[in-house]
Amino acid sequence: VQLQASGGGLVQIGGSLRLSCAASGRRIRDYDMGWFRQAPGGERAFVAVLRRSGGGDYYATSVAGRFRIFGDNAKNTVYLQMNSLKPEDTAVYYCAVRENPRRTILSELQTNRAYDSWGQGTQVTVSS
(Lines give C-alpha, C1' and ligand atoms only; values in the text may rest on other atoms or scores of the structure.)
Protein backbone atom coordinates (compact mmCIF):
# COMPACT_ATOMS: atom_id res chain seq x y z
CA VAL A 1 0.00 0.00 0.00
CA GLN A 2 1.24 3.48 -0.86
CA LEU A 3 0.16 6.40 1.29
CA GLN A 4 0.07 10.10 0.50
CA ALA A 5 -0.50 12.46 3.41
CA SER A 6 -1.59 16.07 3.03
CA GLY A 7 -3.45 18.88 4.74
CA GLY A 8 -0.90 20.21 7.19
CA GLY A 9 -0.23 23.89 7.69
CA LEU A 10 -0.03 26.78 10.10
CA VAL A 11 -3.02 27.33 12.38
CA GLN A 12 -3.74 29.45 15.42
CA ILE A 13 -4.40 28.09 18.88
CA GLY A 14 -7.94 26.76 19.06
CA GLY A 15 -8.17 26.32 15.31
CA SER A 16 -8.86 23.23 13.22
CA LEU A 17 -7.20 21.25 10.47
CA ARG A 18 -8.10 18.13 8.57
CA LEU A 19 -5.32 15.84 7.44
CA SER A 20 -5.83 13.39 4.60
CA CYS A 21 -4.11 10.12 3.84
CA ALA A 22 -4.87 8.77 0.38
CA ALA A 23 -4.10 5.09 -0.11
CA SER A 24 -3.41 3.22 -3.33
CA GLY A 25 -3.00 -0.44 -3.97
CA ARG A 26 -5.35 -1.83 -1.34
CA ARG A 27 -8.71 -0.98 0.22
CA ILE A 28 -8.26 0.87 3.50
CA ARG A 29 -11.29 -0.80 5.07
CA ASP A 30 -9.39 -4.08 5.08
CA TYR A 31 -6.51 -2.70 7.16
CA ASP A 32 -5.74 -0.95 10.42
CA MET A 33 -4.92 2.68 9.64
CA GLY A 34 -3.00 4.85 12.08
CA TRP A 35 -1.86 8.42 12.57
CA PHE A 36 1.34 9.22 14.42
CA ARG A 37 3.22 12.44 15.04
CA GLN A 38 6.76 13.50 15.73
CA ALA A 39 7.52 16.75 17.49
CA PRO A 40 10.95 18.40 17.18
CA GLY A 41 13.48 16.42 19.19
CA GLY A 42 10.93 13.75 20.02
CA GLU A 43 10.05 10.26 18.95
CA ARG A 44 7.22 9.36 16.61
CA ALA A 45 4.20 8.82 18.84
CA PHE A 46 0.75 7.32 18.43
CA VAL A 47 -2.18 9.65 17.80
CA ALA A 48 -5.10 7.57 16.57
CA VAL A 49 -6.04 4.33 14.88
CA LEU A 50 -9.00 3.24 12.79
CA ARG A 51 -9.33 -0.50 13.09
CA ARG A 52 -10.10 -2.63 10.07
CA SER A 53 -13.57 -3.73 9.06
CA GLY A 54 -15.43 -1.38 11.37
CA GLY A 55 -13.44 -2.28 14.45
CA GLY A 56 -13.66 1.19 15.95
CA ASP A 57 -11.40 4.17 16.50
CA TYR A 58 -9.02 4.85 19.37
CA TYR A 59 -6.98 7.81 20.47
CA ALA A 60 -4.03 8.88 22.50
CA THR A 61 -5.12 10.48 25.76
CA SER A 62 -3.63 13.82 24.71
CA VAL A 63 -5.94 14.15 21.71
CA ALA A 64 -9.08 12.27 22.79
CA GLY A 65 -12.14 14.47 22.49
CA ARG A 66 -10.39 16.89 20.12
CA PHE A 67 -9.30 14.67 17.21
CA ARG A 68 -11.29 12.23 15.12
CA ILE A 69 -10.05 9.59 12.69
CA PHE A 70 -12.40 8.37 10.00
CA GLY A 71 -12.33 6.88 6.55
CA ASP A 72 -14.02 7.37 3.22
CA ASN A 73 -14.02 4.01 1.49
CA ALA A 74 -15.17 5.48 -1.82
CA LYS A 75 -12.11 7.73 -1.88
CA ASN A 76 -9.89 5.14 -0.17
CA THR A 77 -8.75 7.90 2.15
CA VAL A 78 -8.34 8.20 5.91
CA TYR A 79 -8.72 11.56 7.61
CA LEU A 80 -7.65 13.06 10.88
CA GLN A 81 -9.93 15.92 11.94
CA MET A 82 -8.12 18.04 14.50
CA ASN A 83 -10.02 20.60 16.56
CA SER A 84 -9.11 22.88 19.46
CA LEU A 85 -5.49 22.72 18.46
CA LYS A 86 -2.80 23.51 21.00
CA PRO A 87 0.87 24.46 20.61
CA GLU A 88 1.84 20.99 21.82
CA ASP A 89 0.10 19.52 18.77
CA THR A 90 2.85 20.99 16.62
CA ALA A 91 4.57 18.10 14.86
CA VAL A 92 5.04 16.25 11.63
CA TYR A 93 2.06 13.94 11.22
CA TYR A 94 2.37 10.55 9.55
CA CYS A 95 -0.25 8.10 8.43
CA ALA A 96 0.49 4.41 8.43
CA VAL A 97 -1.07 1.10 7.47
CA ARG A 98 -0.74 -2.31 9.01
CA GLU A 99 -0.71 -4.78 6.14
CA ASN A 100 -0.19 -7.86 8.29
CA PRO A 101 -3.47 -9.77 8.02
CA ARG A 102 -3.12 -11.10 11.56
CA ARG A 103 -5.36 -9.20 13.92
CA THR A 104 -3.51 -7.72 16.86
CA ILE A 105 -4.36 -6.10 20.17
CA LEU A 106 -4.98 -2.40 20.57
CA SER A 107 -1.82 -1.75 22.57
CA GLU A 108 0.25 -3.13 19.71
CA LEU A 109 -1.47 -0.77 17.28
CA GLN A 110 -0.16 2.14 19.32
CA THR A 111 3.43 1.24 18.42
CA ASN A 112 5.43 2.10 15.32
CA ARG A 113 6.46 -1.51 14.78
CA ALA A 114 2.87 -2.61 14.16
CA TYR A 115 2.75 -0.77 10.83
CA ASP A 116 4.29 -1.72 7.52
CA SER A 117 3.95 1.32 5.29
CA TRP A 118 4.11 5.02 6.06
CA GLY A 119 3.18 8.22 4.32
CA GLN A 120 5.72 10.98 3.85
CA GLY A 121 4.55 13.21 6.71
CA THR A 122 2.83 16.57 6.78
CA GLN A 123 3.81 19.46 9.05
CA VAL A 124 1.29 20.94 11.47
CA THR A 125 2.27 24.11 13.31
CA VAL A 126 0.05 25.65 15.97
CA SER A 127 0.96 29.16 17.00
CA SER A 128 -0.49 32.13 18.78
# chains A, B, ... in the order shown; residues from 1 in each chain; ligands from 1
call {"tool": "residues_around", "arguments": {"residues": "segment 101-113 of chain A", "least_positions_apart": "3", "cutoff": "9 Å", "atoms": "only C-alpha atoms", "output": "VMD selection string"}}
result
chain A and resid 30 to 32 34 36 44 to 49 51 to 52 58 to 60 96 98 116
call {"tool": "select_by_dssp", "arguments": {"residues": "chain A", "states": "strand (DSSP E or B)", "output": "MDAnalysis selection string"}}
result
chainID A and resid 2:6 9:12 17:24 32:38 44:50 57:59 67:72 77:82 91:98 117:118 122:127
call {"tool": "residues_around", "arguments": {"residues": "Asn76 of chain A", "least_positions_apart": "6", "cutoff": "8 Å", "atoms": "only C-alpha atoms", "output": "list in words"}}
result
Ala22, Ala23, Ser24, Arg27 and Ile28 of chain A
call {"tool": "closest_residue", "arguments": {"among": "A:Thr90, A:Ser127, A:Ser62, A:Thr122", "to": "Gly7 of chain A", "atoms": "only C-alpha atoms"}}
result
A:Thr122
call {"tool": "closest_residue", "arguments": {"among": "A:Ala114, A:Val63, A:Val126, A:Leu19", "to": "Asn100 of chain A", "atoms": "only C-alpha atoms"}}
result
A:Ala114
call {"tool": "residues_around", "arguments": {"residues": "Gly9 of chain A", "least_positions_apart": "4", "cutoff": "7 Å", "atoms": "only C-alpha atoms", "output": "short mmCIF file (atom, residue, chain, number, x, y, z; two decimals) with C-alpha atoms, in the first residue's frame"}}
result
data_model
loop_
_atom_site.label_atom_id
_atom_site.label_comp_id
_atom_site.auth_asym_id
_atom_site.auth_seq_id
_atom_site.Cartn_x
_atom_site.Cartn_y
_atom_site.Cartn_z
CA GLN A 123 3.81 19.46 9.05
CA VAL A 124 1.29 20.94 11.47
CA THR A 125 2.27 24.11 13.31
#
call {"tool": "atom_distance", "arguments": {"atom1": "atom CA of Gly121 of chain A", "atom2": "atom CA of Gly8 of chain A"}}
result
8.9 Å
call {"tool": "closest_residue", "arguments": {"among": "A:Leu17, A:Leu50, A:Cys95, A:Ala64", "to": "Met82 of chain A", "atoms": "only C-alpha atoms"}}
result
A:Leu17
call {"tool": "closest_residue", "arguments": {"among": "A:Ser6, A:Ala39, A:Arg18, A:Arg29", "to": "Ala74 of chain A", "atoms": "only C-alpha atoms"}}
result
A:Arg29
call {"tool": "select_by_dssp", "arguments": {"residues": "chain A", "states": "alpha helix (DSSP H)", "output": "PyMOL selection string"}}
result
chain A and resi 106-109
call {"tool": "write_last_selection", "arguments": {"atoms": "N, CA and C atoms", "output": "PDB file, in the first residue's frame"}}
result
ATOM      1  N   LEU A 106      -4.998  -3.850  20.698  1.00  0.00           N
ATOM      2  CA  LEU A 106      -4.983  -2.404  20.571  1.00  0.00           C
ATOM      3  C   LEU A 106      -3.653  -1.804  21.014  1.00  0.00           C
ATOM      4  N   SER A 107      -3.079  -2.305  22.073  1.00  0.00           N
ATOM      5  CA  SER A 107      -1.819  -1.747  22.569  1.00  0.00           C
ATOM      6  C   SER A 107      -0.712  -1.892  21.528  1.00  0.00           C
ATOM      7  N   GLU A 108      -0.743  -2.951  20.772  1.00  0.00           N
ATOM      8  CA  GLU A 108       0.253  -3.133  19.715  1.00  0.00           C
ATOM      9  C   GLU A 108       0.051  -2.092  18.618  1.00  0.00           C
ATOM     10  N   LEU A 109      -1.182  -1.747  18.329  1.00  0.00           N
ATOM     11  CA  LEU A 109      -1.474  -0.769  17.281  1.00  0.00           C
ATOM     12  C   LEU A 109      -1.047   0.641  17.667  1.00  0.00           C
TER      13      LEU A 109
END
call {"tool": "closest_residue", "arguments": {"among": "A:Ser128, A:Thr77, A:Gln120, A:Ser84", "to": "Arg37 of chain A", "atoms": "only C-alpha atoms"}}
result
A:Gln120
call {"tool": "closest_residue", "arguments": {"among": "A:Val97, A:Gln12, A:Tyr115, A:Val92", "to": "Gly42 of chain A", "atoms": "only C-alpha atoms"}}
result
A:Val92
